[in-house]
Amino acid sequence: MAQRIDVKDLDVFYGDFRAVADVSMVIEPRSVTALIGPSGCGKSTFLRTLNRMHEVIPGAHVQGTVLVDGVNLYDREVDPVAVRRQIGMVFQRPNPFPTMSIAENVLAGVRLNNRRISRSDAADLVESSLRGANLWKEVKDRLHKPGSSLSGGQQQRLCIARAIAVKPQVLLMDEPASALDPISTLAIEELIAELKNEYTIVIVTHNMQQAARVSDRTAFFNVTEAGEPGRLVEMDDTRTIFSVPSQKATEDYISGRFG
Ligand SMILES: Nc1ncnc2c1ncn2[C@@H]1O[C@H](COP(=O)(O)OP(=O)(O)OP(=O)(O)O)[C@@H](O)[C@H]1O
């Protein structure tokens with residue numbers, strides 16, 4: 001199910017403003033890639049281009065290619081809705097549908113895709129997705145309670161269950177634990193470690209310990225001054241980035257000298 005992503009010469013614009021310039025990188029399947037860098041360097045913007053989510057902002061567009069298993073997401077015949085089904089996203093703040101039940105939340109993406117599903121298949125999918133998100137045991141006796149009745153960490157795992165219920169090939173996570181307490185953060189990190197057996201995962205994080213703990217590869221982005229585009233400075237095995245990065249800017253950033 002997991003797929004390889006090959007980004008070539010990608011520029012991202014908000015109208016005339018080039019927010020990200022010249023990114024080329026390969027993201028391997030069944031691995032976790034962390035995107036790190038100072039505020040405004042374009043991590044979230046870049047992440048969103050991997051499932052065309054930036055296009056919800058009027059005027060946002062890209063130049064370059066994003067190949068997912070060889071197919072360019074930006075080919076004219078590619079449907080962005082189909083792309084977002086294939087490449088799921090989890091946001092910083094857990095965003096379950098508050099009045100929908102826990103079970104209906106898990107099924108929300110599947111229903112949006114107009115997939116007809118029998119009652120027993122739906123029950124199976126709810127259970128397998130919640131198990132996949134490490135939430136089943138905590139909620140199995142209250143599946144019909146509203147999603148908003150869960151704690152923040154549980155809500156985030158519910159959002160992950162919703163994302164994996166549509167069986168995506170790639171999961172994008174934009175600071176998925178930054179709004180959570182340390183215990184919930186640990187649960188999300190453990191979950192990421194399990195999910196990478198099946199998915200290609202790309203995660204934006206401000207927390208360098210987290211990048212070091214959860215990712216196999218790390219990409220460091222930087223922006224030299226306001227108004228300039230963010231750029232990929234280097235990408236390597238996480239261990240290398242955090243021990244012997246090849247660029248001085250990376251070393252300065254990971255050692256806390258700026259950012
Ligand atoms: N909707 C938008 N319209 C115009 N410019 C935007 C928009 N969103 C982001 N930008 C600009 O694009 C650049 C990159 O922003 P982005 O949010 O991707 O950075 P980031 O590295 O994720 O930052 P942070 O770590 O603070 O979340 C910034 O200069 C930002 O001001």
# chains A, B, ... in the order shown; residues from 1 in each chain; ligands from 1

call {"tool": "residues_near_ligand", "arguments": {"ligand": "ligand 1", "cutoff": "6 Å", "atoms": "only C-alpha atoms and all ligand atoms", "output": "compact mmCIF listing (two decimals) with N, CA and C atoms, in the first residue's frame"}}
result
# COMPACT_ATOMS: atom_id res chain seq x y z
N TYR A 14 2.06 31.42 -3.32
CA TYR A 14 0.76 31.97 -2.91
C TYR A 14 0.59 33.21 -3.78
N ALA A 19 6.77 30.93 -1.94
CA ALA A 19 6.97 30.59 -0.52
C ALA A 19 8.03 29.51 -0.36
N PRO A 38 12.99 26.41 10.86
CA PRO A 38 12.41 27.52 11.61
C PRO A 38 11.06 27.95 11.05
N SER A 39 10.31 28.67 11.86
CA SER A 39 8.99 29.14 11.48
C SER A 39 9.06 29.91 10.14
N GLY A 40 8.13 29.62 9.26
CA GLY A 40 8.04 30.35 8.00
C GLY A 40 8.92 29.80 6.89
N CYS A 41 9.62 28.69 7.14
CA CYS A 41 10.51 28.16 6.09
C CYS A 41 9.75 27.31 5.06
N GLY A 42 8.45 27.11 5.30
CA GLY A 42 7.65 26.46 4.26
C GLY A 42 7.35 24.99 4.47
N LYS A 43 7.56 24.49 5.70
CA LYS A 43 7.33 23.07 5.95
C LYS A 43 5.88 22.67 5.67
N SER A 44 4.94 23.44 6.26
CA SER A 44 3.52 23.09 6.09
C SER A 44 3.10 23.29 4.65
N THR A 45 3.59 24.38 4.05
CA THR A 45 3.25 24.65 2.65
C THR A 45 3.70 23.48 1.78

call {"tool": "select_by_dssp", "arguments": {"residues": "region 29-255 of chain A", "states": "strand (DSSP E)", "output": "ChimeraX atom specification"}}
result
/A:32-36,60-68,71-72,87-90,170-174,200-204,217-222,230-237

call {"tool": "write_last_selection", "arguments": {"atoms": "N, CA and C atoms", "output": "short mmCIF file (atom, residue, chain, number, x, y, z; two decimals), in the first residue's frame"}}
result
data_model
loop_
_atom_site.label_atom_id
_atom_site.label_comp_id
_atom_site.auth_asym_id
_atom_site.auth_seq_id
_atom_site.Cartn_x
_atom_site.Cartn_y
_atom_site.Cartn_z
N VAL A 32 9.37 6.93 7.83
CA VAL A 32 8.88 8.21 8.34
C VAL A 32 9.90 9.27 7.96
N THR A 33 9.43 10.29 7.28
CA THR A 33 10.28 11.43 6.92
C THR A 33 9.83 12.63 7.74
N ALA A 34 10.77 13.26 8.46
CA ALA A 34 10.42 14.45 9.25
C ALA A 34 10.86 15.69 8.49
N LEU A 35 10.00 16.72 8.51
CA LEU A 35 10.35 18.02 7.95
C LEU A 35 10.56 18.97 9.11
N ILE A 36 11.77 19.51 9.22
CA ILE A 36 12.06 20.44 10.32
C ILE A 36 12.61 21.75 9.75
N ALA A 60 -3.00 29.71 -4.68
CA ALA A 60 -1.85 28.86 -4.36
C ALA A 60 -1.63 27.88 -5.51
N HIS A 61 -0.39 27.77 -5.95
CA HIS A 61 -0.10 26.85 -7.05
C HIS A 61 1.36 26.41 -7.01
N VAL A 62 1.67 25.38 -7.78
CA VAL A 62 3.06 24.88 -7.80
C VAL A 62 3.62 24.87 -9.21
N GLN A 63 4.94 24.83 -9.28
CA GLN A 63 5.64 24.47 -10.52
C GLN A 63 6.55 23.32 -10.16
N GLY A 64 6.69 22.37 -11.07
CA GLY A 64 7.52 21.20 -10.77
C GLY A 64 6.64 19.97 -10.72
N THR A 65 7.23 18.86 -10.28
CA THR A 65 6.45 17.62 -10.28
C THR A 65 6.53 16.91 -8.92
N VAL A 66 5.44 16.21 -8.61
CA VAL A 66 5.41 15.33 -7.45
C VAL A 66 4.93 13.98 -7.98
N LEU A 67 5.87 13.05 -8.09
CA LEU A 67 5.52 11.73 -8.62
C LEU A 67 5.21 10.80 -7.45
N VAL A 68 4.04 10.17 -7.49
CA VAL A 68 3.72 9.15 -6.49
C VAL A 68 3.64 7.84 -7.25
N VAL A 71 3.46 8.50 -10.95
CA VAL A 71 2.40 9.33 -11.55
C VAL A 71 2.50 10.74 -11.00
N ASN A 72 2.52 11.74 -11.87
CA ASN A 72 2.60 13.13 -11.42
C ASN A 72 1.24 13.60 -10.91
N ILE A 87 -3.84 10.08 -0.38
CA ILE A 87 -2.80 10.65 0.48
C ILE A 87 -3.50 11.43 1.59
N GLY A 88 -3.60 10.79 2.77
CA GLY A 88 -4.39 11.36 3.86
C GLY A 88 -3.60 12.40 4.64
N MET A 89 -4.33 13.22 5.41
CA MET A 89 -3.66 14.25 6.18
C MET A 89 -4.24 14.35 7.59
N VAL A 90 -3.34 14.52 8.54
CA VAL A 90 -3.74 14.73 9.94
C VAL A 90 -3.18 16.09 10.35
N VAL A 170 -0.41 7.11 1.62
CA VAL A 170 0.55 7.99 2.29
C VAL A 170 -0.21 8.75 3.37
N LEU A 171 0.46 8.99 4.51
CA LEU A 171 -0.15 9.81 5.56
C LEU A 171 0.74 11.03 5.79
N LEU A 172 0.14 12.20 5.68
CA LEU A 172 0.85 13.45 5.95
C LEU A 172 0.40 13.94 7.32
N MET A 173 1.33 14.36 8.15
CA MET A 173 0.97 14.81 9.49
C MET A 173 1.61 16.16 9.76
N ASP A 174 0.77 17.16 10.04
CA ASP A 174 1.28 18.51 10.27
C ASP A 174 1.28 18.79 11.77
N THR A 200 3.58 5.23 3.95
CA THR A 200 4.64 6.22 3.82
C THR A 200 4.18 7.41 4.66
N ILE A 201 5.02 7.84 5.59
CA ILE A 201 4.58 8.91 6.49
C ILE A 201 5.51 10.12 6.37
N VAL A 202 4.91 11.29 6.27
CA VAL A 202 5.69 12.53 6.28
C VAL A 202 5.13 13.39 7.41
N ILE A 203 6.00 13.85 8.28
CA ILE A 203 5.54 14.58 9.46
C ILE A 203 6.30 15.90 9.59
N VAL A 204 5.54 16.97 9.81
CA VAL A 204 6.15 18.27 10.15
C VAL A 204 6.20 18.35 11.66
N ARG A 217 14.26 9.47 8.13
CA ARG A 217 14.98 10.48 7.35
C ARG A 217 14.47 11.85 7.81
N THR A 218 15.36 12.83 7.76
CA THR A 218 14.97 14.19 8.15
C THR A 218 15.38 15.16 7.05
N ALA A 219 14.44 16.07 6.75
CA ALA A 219 14.73 17.13 5.78
C ALA A 219 14.73 18.45 6.53
N PHE A 220 15.81 19.20 6.40
CA PHE A 220 15.89 20.50 7.06
C PHE A 220 15.64 21.60 6.04
N PHE A 221 14.62 22.42 6.32
CA PHE A 221 14.29 23.57 5.47
C PHE A 221 14.76 24.84 6.17
N ASN A 222 15.07 25.84 5.39
CA ASN A 222 15.47 27.12 6.00
C ASN A 222 15.01 28.27 5.12
N GLY A 230 11.46 29.68 1.24
CA GLY A 230 12.10 28.62 2.00
C GLY A 230 12.71 27.62 1.04
N ARG A 231 13.81 27.00 1.49
CA ARG A 231 14.49 26.02 0.64
C ARG A 231 14.87 24.80 1.46
N LEU A 232 14.98 23.67 0.77
CA LEU A 232 15.49 22.47 1.42
C LEU A 232 17.01 22.60 1.51
N VAL A 233 17.54 22.58 2.72
CA VAL A 233 18.99 22.73 2.89
C VAL A 233 19.67 21.37 2.72
N GLU A 234 19.15 20.37 3.43
CA GLU A 234 19.69 19.02 3.25
C GLU A 234 18.70 18.00 3.78
N MET A 235 18.87 16.80 3.29
CA MET A 235 18.02 15.68 3.75
C MET A 235 18.92 14.47 3.87
N ASP A 236 18.78 13.75 4.97
CA ASP A 236 19.65 12.60 5.17
C ASP A 236 19.01 11.67 6.20
N ASP A 237 19.71 10.58 6.50
CA ASP A 237 19.24 9.73 7.60
C ASP A 237 19.15 10.59 8.84
#

call {"tool": "atom_distance", "arguments": {"atom1": "CA of Ile57 (chain A)", "atom2": "CA of Phe13 (chain A)"}}
result
10.6 Å

call {"tool": "closest_residue", "arguments": {"among": "A:Val214, A:Met208, A:Leu158, A:Ala226", "to": "Glu190 (chain A)", "atoms": "only C-alpha atoms"}}
result
A:Val214

call {"tool": "closest_residue", "arguments": {"among": "A:Val23, A:Leu107, A:Ala187, A:Leu112", "to": "Ala161 (chain A)", "atoms": "only C-alpha atoms"}}
result
A:Leu107

call {"tool": "atom_distance", "arguments": {"atom1": "CA of Phe242 (chain A)", "atom2": "CA of Asp216 (chain A)"}}
result
11.5 Å

call {"tool": "residues_around", "arguments": {"residues": "region 120-124 of chain A", "least_positions_apart": "4", "cutoff": "10 Å", "atoms": "only C-alpha atoms", "output": "list in words"}}
result
Ala103, Glu104, Val106, Leu107, Val110, Arg116, Ser128, Ser129, Leu130 and Ala165 of chain A

call {"tool": "closest_residue", "arguments": {"among": "A:Gly153, A:Pro229, A:Gly132, A:Pro98", "to": "Leu186 (chain A)", "atoms": "only C-alpha atoms"}}
result
A:Gly153

call {"tool": "select_by_dssp", "arguments": {"residues": "region 30-213 of chain A", "states": "alpha helix (DSSP H)", "output": "ChimeraX atom specification"}}
result
/A:43-49,80-86,102-112,119-132,136-139,152-165,182-195,208-213

call {"tool": "atom_distance", "arguments": {"atom1": "CA of Ala193 (chain A)", "atom2": "CA of Val244 (chain A)"}}
result
23.9 Å

call {"tool": "closest_residue", "arguments": {"among": "A:Arg162, A:Leu125, A:Leu150, A:Leu73", "to": "Asn105 (chain A)", "atoms": "only C-alpha atoms"}}
result
A:Arg162

call {"tool": "closest_residue", "arguments": {"among": "A:Gln154, A:Thr224, A:Thr238, A:Glu189", "to": "Phe258 (chain A)", "atoms": "only C-alpha atoms"}}
result
A:Thr224

call {"tool": "closest_residue", "arguments": {"among": "A:Ala212, A:Val83, A:Ile183, A:Ile188", "to": "Arg48 (chain A)", "atoms": "only C-alpha atoms"}}
result
A:Val83
